[in-house]
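> Okay, here's the structure, questions in a sec.
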Amino acid sequence: MNRTRRILALLTAVAALAAAPAHAAPQAPPIAGGVHCHQTAKPTYRLSAVEKRGLPVRITCDGPARVQIIFSFDAMTPQKRELTRMFPHSSPGICRSRDVALPAAGTITVRPRLMPYGARIARRYRRTKLILHFLTLREDGHFWTEGLMNRHTFLVR
C-alpha cells in the first residue's frame, strides 16, 4: 500500500510539472524585417570532396539577411576528444567561414572549408559526425544561432 501511494504521488507531481508553463529559454532577437532563413545540407559528404571544395550548404531566406555557417565535431566523439587533446586550453573552430549577405530573398550556397588540423583528425576515422551551426545577424547587431536550426551531417572517408 505504501508503494502505491508513492507511485501516485510521483505521478501527480509529474502531471503538475507537465501542466505548469515551461520557463522560456532566452528568445533570439528577430532578424531585421522579420526575415526567415533556413539551411539544407546532404546527410553525408565525401571527406576528400569537402577538403578540396568545402562543405556545400544551401541557405534560403525570404528577405535580405546576413548569415554564416560554421561546423564543429559532435560532442563526446573520438574526434572531439582528439581535438581537445590537441588544444587543451581552448576549443578552436575546425572550419574557415565568413558571413554572407543576401541582398534580397533567394538561395545561396556557401562552402565553409576544413582547417588543416580538422581535416587531419577527420582522416583518421571512417565516419565523422559534424554539427552545422547556422548563424544569422539579428537586429541587435550580433550573430545568433538557435539549436533547432542546426543540422547534423557526416563526413565519410
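By convention here, the chains of the C-alpha cells are called A, B, ... in the order presented, each chain's residues are numbered starting at 1, and ligands are numbered starting at 1 in the order presented.
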Just the residues within 10 Å of stretch 32-47 of chain A, please, counting only C-alpha atoms, with nothing from its chain fewer than 2 positions along; format it as number ranges by chain.

A: 29-30, 49-52, 54-67, 69, 105-109, 114, 119, 122-123, 126-130, 132-141, 149-157

> Any chance you can output those residues with C-alpha atoms as a PDB file, in the first residue's frame?


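What landed in again_19.pdb:
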```pdb
ATOM      1  CA  PRO A  29      16.243  38.856 -31.231  1.00  0.00           C
ATOM      2  CA  PRO A  30      14.402  38.943 -34.556  1.00  0.00           C
ATOM      3  CA  ALA A  49      35.455  16.498 -51.718  1.00  0.00           C
ATOM      4  CA  VAL A  50      35.000  18.637 -48.604  1.00  0.00           C
ATOM      5  CA  GLU A  51      38.774  19.027 -48.268  1.00  0.00           C
ATOM      6  CA  LYS A  52      39.052  20.252 -51.867  1.00  0.00           C
ATOM      7  CA  GLY A  54      34.436  22.939 -48.888  1.00  0.00           C
ATOM      8  CA  LEU A  55      31.161  21.679 -47.439  1.00  0.00           C
ATOM      9  CA  PRO A  56      28.259  22.943 -49.610  1.00  0.00           C
ATOM     10  CA  VAL A  57      25.282  24.214 -47.617  1.00  0.00           C
ATOM     11  CA  ARG A  58      22.282  25.866 -49.259  1.00  0.00           C
ATOM     12  CA  ILE A  59      20.796  28.830 -47.427  1.00  0.00           C
ATOM     13  CA  THR A  60      17.325  30.088 -48.291  1.00  0.00           C
ATOM     14  CA  CYS A  61      15.893  33.358 -46.958  1.00  0.00           C
ATOM     15  CA  ASP A  62      12.626  35.120 -47.688  1.00  0.00           C
ATOM     16  CA  GLY A  63      14.218  38.567 -47.475  1.00  0.00           C
ATOM     17  CA  PRO A  64      17.557  40.350 -47.092  1.00  0.00           C
ATOM     18  CA  ALA A  65      19.755  38.852 -44.389  1.00  0.00           C
ATOM     19  CA  ARG A  66      23.346  38.290 -43.304  1.00  0.00           C
ATOM     20  CA  VAL A  67      24.181  34.661 -42.418  1.00  0.00           C
ATOM     21  CA  ILE A  69      27.677  28.649 -41.460  1.00  0.00           C
ATOM     22  CA  ALA A 105      15.049  36.903 -50.969  1.00  0.00           C
ATOM     23  CA  GLY A 106      16.626  33.855 -52.519  1.00  0.00           C
ATOM     24  CA  THR A 107      19.017  30.965 -52.154  1.00  0.00           C
ATOM     25  CA  ILE A 108      22.790  30.892 -51.943  1.00  0.00           C
ATOM     26  CA  THR A 109      25.318  28.092 -51.463  1.00  0.00           C
ATOM     27  CA  LEU A 114      38.038  22.473 -43.051  1.00  0.00           C
ATOM     28  CA  ALA A 119      40.932  17.515 -41.821  1.00  0.00           C
ATOM     29  CA  ALA A 122      38.677  13.509 -39.743  1.00  0.00           C
ATOM     30  CA  ARG A 123      41.006  11.460 -41.986  1.00  0.00           C
ATOM     31  CA  ARG A 126      35.790   6.243 -41.217  1.00  0.00           C
ATOM     32  CA  ARG A 127      32.838   8.478 -40.311  1.00  0.00           C
ATOM     33  CA  THR A 128      32.951  11.852 -38.653  1.00  0.00           C
ATOM     34  CA  LYS A 129      29.775  13.479 -37.356  1.00  0.00           C
ATOM     35  CA  LEU A 130      29.592  17.248 -37.766  1.00  0.00           C
ATOM     36  CA  LEU A 132      26.363  22.597 -38.854  1.00  0.00           C
ATOM     37  CA  HIS A 133      25.689  25.784 -36.898  1.00  0.00           C
ATOM     38  CA  PHE A 134      23.509  28.300 -38.734  1.00  0.00           C
ATOM     39  CA  LEU A 135      24.175  31.857 -37.571  1.00  0.00           C
ATOM     40  CA  THR A 136      22.042  34.857 -38.537  1.00  0.00           C
ATOM     41  CA  LEU A 137      22.707  38.526 -37.903  1.00  0.00           C
ATOM     42  CA  ARG A 138      19.935  39.820 -35.657  1.00  0.00           C
ATOM     43  CA  GLU A 139      18.556  43.307 -35.044  1.00  0.00           C
ATOM     44  CA  ASP A 140      20.877  43.842 -32.076  1.00  0.00           C
ATOM     45  CA  GLY A 141      23.924  43.505 -34.370  1.00  0.00           C
ATOM     46  CA  MET A 149      18.213  25.405 -36.871  1.00  0.00           C
ATOM     47  CA  ASN A 150      21.449  23.413 -36.553  1.00  0.00           C
ATOM     48  CA  ARG A 151      21.846  20.271 -38.651  1.00  0.00           C
ATOM     49  CA  HIS A 152      23.961  17.110 -38.463  1.00  0.00           C
ATOM     50  CA  THR A 153      25.927  15.638 -41.317  1.00  0.00           C
ATOM     51  CA  PHE A 154      28.631  13.005 -41.721  1.00  0.00           C
ATOM     52  CA  LEU A 155      31.984  13.055 -43.450  1.00  0.00           C
ATOM     53  CA  VAL A 156      32.815   9.648 -44.904  1.00  0.00           C
ATOM     54  CA  ARG A 157      36.377   8.706 -45.705  1.00  0.00           C
TER      55      ARG A 157
END
```

> DSSP on the backbone, then: every residue of stretch 28-157 of chain A marked strand (DSSP E), written as an NGL selection string.

:A and (37-40 or 44-46 or 57-61 or 65-73 or 95-96 or 100-102 or 106-110 or 113-114 or 127-137 or 143-145 or 151-156)

> Of the residues A:Arg111, A:Thr12, A:Glu146, A:Arg124, which is the one nearest to A:Glu82, using only C-alpha atoms?

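Nearest to A:Glu82: A:Arg124.
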
> Please run DSSP on the backbone and report, as JSON, numbers by chain, all residues within chain A that come out as alpha helix (DSSP H).

{"A": [2, 3, 4, 5, 6, 7, 8, 9, 10, 11, 12, 13, 14, 15, 16, 17, 18, 19, 47, 48, 49, 50, 51, 52, 53, 78, 79, 80, 81, 82, 83, 84, 85, 86, 116, 117, 118, 119, 120, 121, 122, 123]}

> Could you list, as a PyMOL selection string, every residue within 10 Å of A:Tyr117, counting only C-alpha atoms and ignoring same-chain residues fewer than 5 positions away?

chain A and resi 83+86+93-95+122-123

> Please report the interatomic distance between atom CA of A:Ile131 and atom CA of A:Ser72 in Å with one decimal.

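Here the two named atoms are 5.4 Å from each other.
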
> Find, counting only C-alpha atoms, the residue in A:Ile121, A:Met115, A:Val110, A:Ala101 that gets nearest to A:Thr84.

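Ranked by minimum distance to A:Thr84, first place goes to A:Ile121.
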
> Using Å and a single decimal, report how far atom CA of A:Gly147 sits from atom CA of A:Ala104.

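Straight-line distance from atom CA of A:Ala104 to atom CA of A:Gly147 works out to 25.0 Å.
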